[in-house]
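What follows is a single structure, written as structure tokens, with notes after it.
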Amino acid sequence: MSKSVLLLPGDGIGPEIVAEAEKVLHKVNEQFDLGLVFDSAHVGGAAIDATGVPLPDDTLDKARKADAILLGAVGGPKWDGLEMAIRPEKGLLGLRSNLELFGNLRPAILYPQLASASSLKPEVVSGLDILIVRELTGGIYFGQPRGVRELEGGERQGYNTYVYSESEIRRIGRVAFEAAQQRNKKLCSVDKANVLEVTVLWREIMEELSKDYPDVELSHMYVDNAAMQLVRAPKQFDVIVTGNMFGDILSDEAAMLTGSIGMLPSASLNSDKQGMYEPCHGSAPDIAGQGIANPLATILSAAMMLRYSLQAEDAAQAIEAAVSKVLDQGLRTADIMSDDGRKVTTREMGEAVLAAL
Ligand code: ATP
Ligand code: MG
């Protein structure tokens with residue numbers, strides 16, 4: 001049976017990098033006889049320009065029906081003046097919440113070919129390969145009530161609510177335990193259980209779940225310590241699971257350990273393993289339209305898509321090997337340029353991955 005992939009190029013460098021990933025997907029589709037069918041739609045600023053809203057019904061409809069979605073990036077200065085409700089970013093948040101993409105997987109891998117790009121000492125980061133599992137549709141970013149209110153006496157007070165239900169914790173916990181099972185069977189749950197009740201419950205549920213995964217070694221860490229340990233000795237971690245806000249911060253921190261935002265993919269999954277895949281970086285308006293963006297994070301996102309939503313592990317590994325090969329060949333976009341590298345454009349990098357396949 002054929003599987004469907006929806007391409008959402010979005011804004012800024014989005015169309016440039018998705019074009020390269022699309023070529024790579026067509027190639028493995030043939031090579032591995034995957035039977036993938038492709039469609040595309042507008043989201044973000046591109047959708048605002050075309051229809052007036054960041055997530056048109058037609059796009060949401062196609063997204064619901066697709067087995068997997070590959071997204072470039074959304075947003076840019078052109079739409080900054082718009083009110084919050086119709087900003088490009090709402091397109092992304094709308095997809096996440098409508099498809100219930102609660103499980104965000106963000107690997108932080110240091111490619112040995114790019115070791116000099118990290119800000120940490122080589123012995124601290126060489127061989128780094130960790131996975132952060134972030135809850136994406138709950139926690140303080142979505143909790144009610146929220147707002148800014150006026151107190152008696154006229155002073156204003158801003159407030160948000162940090163909530164997690166048992167079922168929300170359980171489902172992200174399962175994603176993390178399963179990921180740990182596929183990797184090195186070590187899971188660290190990050191919370192602030194010494195201060196926040198919601199994370200006391202979080203910790204309790206993780207302990208309860210661990211009985212179902214006896215082969216996975218579960219540990220707990222407070223978020224402040226985790227932030228410190230990530231720069232002190234990041235290789236002590238294999239899989240980290242945490243809530244929405246802590247995960248937002250820790251995954252950006254982990255990304256920078258590798259020194260190359262242009263290299264990092266991400267996946268957001270729901271209970272049916274339907275997923276949206278996108279690079280960790282944004283729309284990079286400062287370099288959009290110049291053909292110099294690094295397409296590898298998007299190409300590696302396509303590999304994750306094949307692995308987690310399309311049951312095509314062989315094709316995923318082939319793409320990852322091809323990426324490693326072009327790095328071995330010394331090909332570098334500007335963001336990962338090194339002294340001995342050969343500078344290439346977005347398209348040249350995409351073509352090189354195709355050739356390596
Ligand atoms: P967002 O809010 O959407 O995350 P941002 O403003 O935080 O966006 P990015 O859009 O990721 O950040 O850009 C941060 C910097 O990294 C910019 O200087 C951008 O040019 C650079 N950058 C991001 N992605 C790439 C890429 N694929 N290739 C090269 N440079 C990139
Ligand atoms: Mg950002």
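Ligands are numbered from 1 in the order shown, residues from 1 within each chain, and chains are lettered A, B, ... in the order they appear in the structure tokens.
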
Per residue of chain A within 6 Å of ligand 1, note the shortest atom pair and the distance in Å to one decimal, counting only C-alpha atoms and all ligand atoms, and order the rows by chain and increasing residue number, as JSON lines.
{"residue": "A:Gly262", "atom": "CA", "partner": "ligand 1", "partner_atom_place_in_ligand_line": "27 (N)", "distance": 4.0}
{"residue": "A:His281", "atom": "CA", "partner": "ligand 1", "partner_atom_place_in_ligand_line": "11 (O)", "distance": 3.6}
{"residue": "A:Gly282", "atom": "CA", "partner": "ligand 1", "partner_atom_place_in_ligand_line": "10 (O)", "distance": 3.2}
{"residue": "A:Ser283", "atom": "CA", "partner": "ligand 1", "partner_atom_place_in_ligand_line": "10 (O)", "distance": 4.2}
{"residue": "A:Ala284", "atom": "CA", "partner": "ligand 1", "partner_atom_place_in_ligand_line": "10 (O)", "distance": 3.4}
{"residue": "A:Asp286", "atom": "CA", "partner": "ligand 1", "partner_atom_place_in_ligand_line": "20 (O)", "distance": 5.3}
{"residue": "A:Ile287", "atom": "CA", "partner": "ligand 1", "partner_atom_place_in_ligand_line": "20 (O)", "distance": 5.3}
{"residue": "A:Ala293", "atom": "CA", "partner": "ligand 1", "partner_atom_place_in_ligand_line": "28 (N)", "distance": 3.7}
{"residue": "A:Asn294", "atom": "CA", "partner": "ligand 1", "partner_atom_place_in_ligand_line": "28 (N)", "distance": 3.7}
{"residue": "A:Pro295", "atom": "CA", "partner": "ligand 1", "partner_atom_place_in_ligand_line": "27 (N)", "distance": 5.7}
{"residue": "A:Asp335", "atom": "CA", "partner": "ligand 1", "partner_atom_place_in_ligand_line": "29 (C)", "distance": 4.8}

Excluding Gly91 (chain A) and its own-chain neighbours fewer than 2 positions away, which residues fall within 12 Å of it when counting only C-alpha atoms? Please give them as a short mmCIF file (atom, residue, chain, number, x, y, z; two decimals) with N, CA and C atoms, in the first residue's frame.
data_model
loop_
_atom_site.label_atom_id
_atom_site.label_comp_id
_atom_site.auth_asym_id
_atom_site.auth_seq_id
_atom_site.Cartn_x
_atom_site.Cartn_y
_atom_site.Cartn_z
N LEU A 8 5.73 20.69 3.22
CA LEU A 8 5.34 22.05 3.59
C LEU A 8 6.59 22.92 3.62
N GLY A 10 7.16 26.18 3.46
CA GLY A 10 7.12 27.33 4.37
C GLY A 10 7.85 28.54 3.85
N ASP A 11 8.62 29.18 4.73
CA ASP A 11 9.18 30.51 4.44
C ASP A 11 10.70 30.54 4.50
N ALA A 41 1.79 21.79 0.22
CA ALA A 41 0.81 22.81 0.61
C ALA A 41 1.52 23.98 1.26
N HIS A 42 0.75 25.07 1.44
CA HIS A 42 1.30 26.28 2.06
C HIS A 42 1.12 26.24 3.57
N VAL A 43 2.10 26.77 4.29
CA VAL A 43 1.94 26.99 5.72
C VAL A 43 2.75 28.23 6.11
N GLY A 44 2.39 28.86 7.22
CA GLY A 44 3.16 30.00 7.71
C GLY A 44 2.93 31.25 6.87
N GLY A 45 4.01 32.01 6.69
CA GLY A 45 3.91 33.26 5.95
C GLY A 45 3.46 33.03 4.51
N ALA A 46 3.94 31.96 3.90
CA ALA A 46 3.55 31.65 2.52
C ALA A 46 2.03 31.46 2.44
N ALA A 47 1.46 30.85 3.48
CA ALA A 47 0.01 30.63 3.50
C ALA A 47 -0.73 31.94 3.76
N ILE A 48 -0.15 32.79 4.60
CA ILE A 48 -0.77 34.11 4.86
C ILE A 48 -0.83 34.90 3.55
N GLY A 52 -4.37 34.42 3.50
CA GLY A 52 -4.72 35.30 4.61
C GLY A 52 -4.57 34.66 5.98
N VAL A 53 -4.41 33.33 6.02
CA VAL A 53 -4.24 32.67 7.32
C VAL A 53 -3.02 31.74 7.29
N PRO A 54 -2.36 31.54 8.48
CA PRO A 54 -1.13 30.74 8.49
C PRO A 54 -1.35 29.22 8.34
N LEU A 55 -2.58 28.76 8.65
CA LEU A 55 -2.84 27.33 8.48
C LEU A 55 -4.20 27.16 7.79
N PRO A 56 -4.21 27.23 6.45
CA PRO A 56 -5.48 27.12 5.72
C PRO A 56 -6.11 25.73 5.93
N ASP A 57 -7.44 25.66 5.83
CA ASP A 57 -8.16 24.38 6.00
C ASP A 57 -7.61 23.30 5.08
N THR A 59 -4.64 22.93 3.93
CA THR A 59 -3.35 22.41 4.41
C THR A 59 -3.58 21.46 5.58
N LEU A 60 -4.45 21.86 6.50
CA LEU A 60 -4.71 21.01 7.67
C LEU A 60 -5.34 19.68 7.24
N ALA A 63 -2.73 17.55 5.81
CA ALA A 63 -1.83 17.11 6.88
C ALA A 63 -2.45 15.95 7.66
N LEU A 71 8.47 19.48 6.90
CA LEU A 71 8.31 20.93 6.94
C LEU A 71 9.67 21.63 6.86
N ALA A 73 10.52 25.59 7.27
CA ALA A 73 10.52 26.50 8.42
C ALA A 73 9.50 27.59 8.15
N VAL A 74 9.03 28.24 9.19
CA VAL A 74 8.07 29.32 8.99
C VAL A 74 8.54 30.61 9.66
N GLY A 75 8.02 31.72 9.14
CA GLY A 75 8.25 33.01 9.77
C GLY A 75 9.31 33.85 9.08
N MET A 84 -0.64 38.45 17.05
CA MET A 84 -0.25 37.12 17.47
C MET A 84 -1.04 35.99 16.79
N ALA A 85 -2.37 36.17 16.69
CA ALA A 85 -3.24 35.07 16.22
C ALA A 85 -3.02 34.69 14.76
N ILE A 86 -2.48 35.62 13.95
CA ILE A 86 -2.27 35.25 12.54
C ILE A 86 -0.80 35.34 12.14
N ARG A 87 0.08 35.13 13.12
CA ARG A 87 1.51 35.06 12.81
C ARG A 87 1.83 33.72 12.14
N PRO A 88 2.88 33.68 11.32
CA PRO A 88 3.28 32.42 10.67
C PRO A 88 3.46 31.27 11.67
N GLU A 89 4.02 31.57 12.85
CA GLU A 89 4.29 30.53 13.86
C GLU A 89 3.01 29.81 14.28
N LEU A 93 2.17 25.82 15.29
CA LEU A 93 1.51 25.43 16.54
C LEU A 93 0.17 24.76 16.25
N GLY A 94 -0.53 25.26 15.23
CA GLY A 94 -1.82 24.68 14.85
C GLY A 94 -1.67 23.25 14.36
N LEU A 95 -0.63 22.99 13.58
CA LEU A 95 -0.39 21.62 13.11
C LEU A 95 -0.08 20.72 14.29
N ARG A 96 0.80 21.20 15.18
CA ARG A 96 1.18 20.38 16.35
C ARG A 96 -0.04 20.03 17.19
N SER A 97 -0.90 21.02 17.46
CA SER A 97 -2.01 20.74 18.36
C SER A 97 -3.12 19.95 17.65
N ASN A 98 -3.42 20.30 16.40
CA ASN A 98 -4.48 19.57 15.68
C ASN A 98 -4.13 18.10 15.44
#

Here is a test: counting only C-alpha atoms and all ligand atoms, which residue of A:Gln229, A:Cys280, A:Leu196, A:Asp328 is nearest to ligand 2? A:Cys280

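Shortest atom-to-atom contact with ligand 2 among A:Gly76, A:Glu313, A:Leu209, A:Leu114: A:Gly76, counting only C-alpha atoms and all ligand atoms.
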
Skipping near chain neighbours, those fewer than 6 positions away, what residues fall within 9 Å of Ala255 (chain A) using only C-alpha atoms, listed as a ChimeraX atom specification? /A:106-109,261,264,280

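If you measure from each of A:Gln317, A:Arg347, A:Ala302, A:Pro279 to ligand 2 using only C-alpha atoms and all ligand atoms, the closest one turns out to be A:Pro279.
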
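Using only C-alpha atoms, the smallest distance between any of A:Glu168, A:Gly81, A:Ala355, A:Ser309 and Gln329 (chain A) comes from A:Ala355.
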
Taking 5 positions as the minimum chain separation for residues in the same chain, which residues sit within 12 Å of Gln311 (chain A) when counting only C-alpha atoms? Answer as a PyMOL selection string. chain A and resi 2-3+32+34-36+67-68+273-274+303-306+316-317

Please identify all polymer residues within 8 Å of region 249-253 of chain A, counting only C-alpha atoms, omitting same-chain residues fewer than 5 positions from it, and present them as a PyMOL selection string. chain A and resi 106+132+227+230

I need the residues from that last selection saved to file as an mmCIF file, in the first residue's frame (with C-alpha atoms), if you can.
data_model
loop_
_atom_site.group_PDB
_atom_site.id
_atom_site.type_symbol
_atom_site.label_atom_id
_atom_site.label_comp_id
_atom_site.auth_asym_id
_atom_site.auth_seq_id
_atom_site.Cartn_x
_atom_site.Cartn_y
_atom_site.Cartn_z
ATOM 1 C CA ARG A 106 15.605 15.924 18.887
ATOM 2 C CA ILE A 132 16.150 14.582 23.763
ATOM 3 C CA ALA A 227 21.685 22.084 32.087
ATOM 4 C CA LEU A 230 25.027 18.863 29.434
#

All strand (DSSP E) positions in region 73-293 of chain A, as an MDAnalysis selection string: chainID A and resid 73 103:109 129:135 147:150 156:159 186:191 217:222 239:242 265:269 275:279

Pull C-alpha atoms from the residues just selected and write them as an mmCIF file, in the first residue's frame.
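This is the output file selection_9.cif:
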data_model
loop_
_atom_site.group_PDB
_atom_site.id
_atom_site.type_symbol
_atom_site.label_atom_id
_atom_site.label_comp_id
_atom_site.auth_asym_id
_atom_site.auth_seq_id
_atom_site.Cartn_x
_atom_site.Cartn_y
_atom_site.Cartn_z
ATOM 1 C CA ALA A 73 10.520 26.503 8.418
ATOM 2 C CA GLY A 103 6.331 13.626 21.195
ATOM 3 C CA ASN A 104 9.239 15.731 19.995
ATOM 4 C CA LEU A 105 12.472 13.849 19.266
ATOM 5 C CA ARG A 106 15.605 15.924 18.887
ATOM 6 C CA PRO A 107 18.874 14.088 18.380
ATOM 7 C CA ALA A 108 22.114 15.953 19.030
ATOM 8 C CA ILE A 109 24.849 14.206 17.123
ATOM 9 C CA ASP A 129 25.051 11.051 20.196
ATOM 10 C CA ILE A 130 22.144 11.872 22.478
ATOM 11 C CA LEU A 131 18.399 12.104 21.995
ATOM 12 C CA ILE A 132 16.150 14.582 23.763
ATOM 13 C CA VAL A 133 12.477 13.626 23.987
ATOM 14 C CA ARG A 134 10.425 16.737 24.683
ATOM 15 C CA GLU A 135 6.692 16.830 25.469
ATOM 16 C CA GLY A 147 -2.699 36.103 30.816
ATOM 17 C CA VAL A 148 -1.902 39.470 32.310
ATOM 18 C CA ARG A 149 -4.311 40.758 34.940
ATOM 19 C CA GLU A 150 -4.667 43.879 36.983
ATOM 20 C CA ARG A 156 -0.351 44.287 36.584
ATOM 21 C CA GLN A 157 0.559 40.625 37.064
ATOM 22 C CA GLY A 158 1.472 38.104 34.382
ATOM 23 C CA TYR A 159 0.611 34.455 35.012
ATOM 24 C CA LYS A 186 19.523 4.463 29.383
ATOM 25 C CA LEU A 187 16.853 7.074 30.102
ATOM 26 C CA CYS A 188 17.236 10.215 32.207
ATOM 27 C CA SER A 189 14.024 11.981 33.194
ATOM 28 C CA VAL A 190 14.508 15.694 33.870
ATOM 29 C CA ASP A 191 12.212 17.575 36.246
ATOM 30 C CA GLU A 217 17.868 1.966 33.241
ATOM 31 C CA LEU A 218 15.896 5.011 34.469
ATOM 32 C CA SER A 219 17.474 7.921 36.341
ATOM 33 C CA HIS A 220 16.184 11.361 37.402
ATOM 34 C CA MET A 221 17.827 14.758 37.375
ATOM 35 C CA TYR A 222 16.757 18.289 38.305
ATOM 36 C CA VAL A 239 18.022 9.557 26.030
ATOM 37 C CA ILE A 240 16.620 12.477 28.035
ATOM 38 C CA VAL A 241 12.864 12.888 28.566
ATOM 39 C CA THR A 242 11.363 16.110 29.846
ATOM 40 C CA PRO A 265 16.846 17.168 12.416
ATOM 41 C CA SER A 266 13.727 16.719 14.539
ATOM 42 C CA ALA A 267 10.572 14.652 14.648
ATOM 43 C CA SER A 268 7.187 15.317 16.259
ATOM 44 C CA LEU A 269 4.996 12.252 16.649
ATOM 45 C CA GLY A 275 4.735 12.590 12.343
ATOM 46 C CA MET A 276 5.926 15.981 11.282
ATOM 47 C CA TYR A 277 9.627 16.269 10.540
ATOM 48 C CA GLU A 278 11.614 19.476 10.357
ATOM 49 C CA PRO A 279 15.096 20.885 10.851
#

Could you please determine the separation between CA of Ile292 (chain A) and CA of Ser260 (chain A) in Å, to one decimal place?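 Taking CA of Ile292 (chain A) and CA of Ser260 (chain A), their separation equals 14.6 Å.
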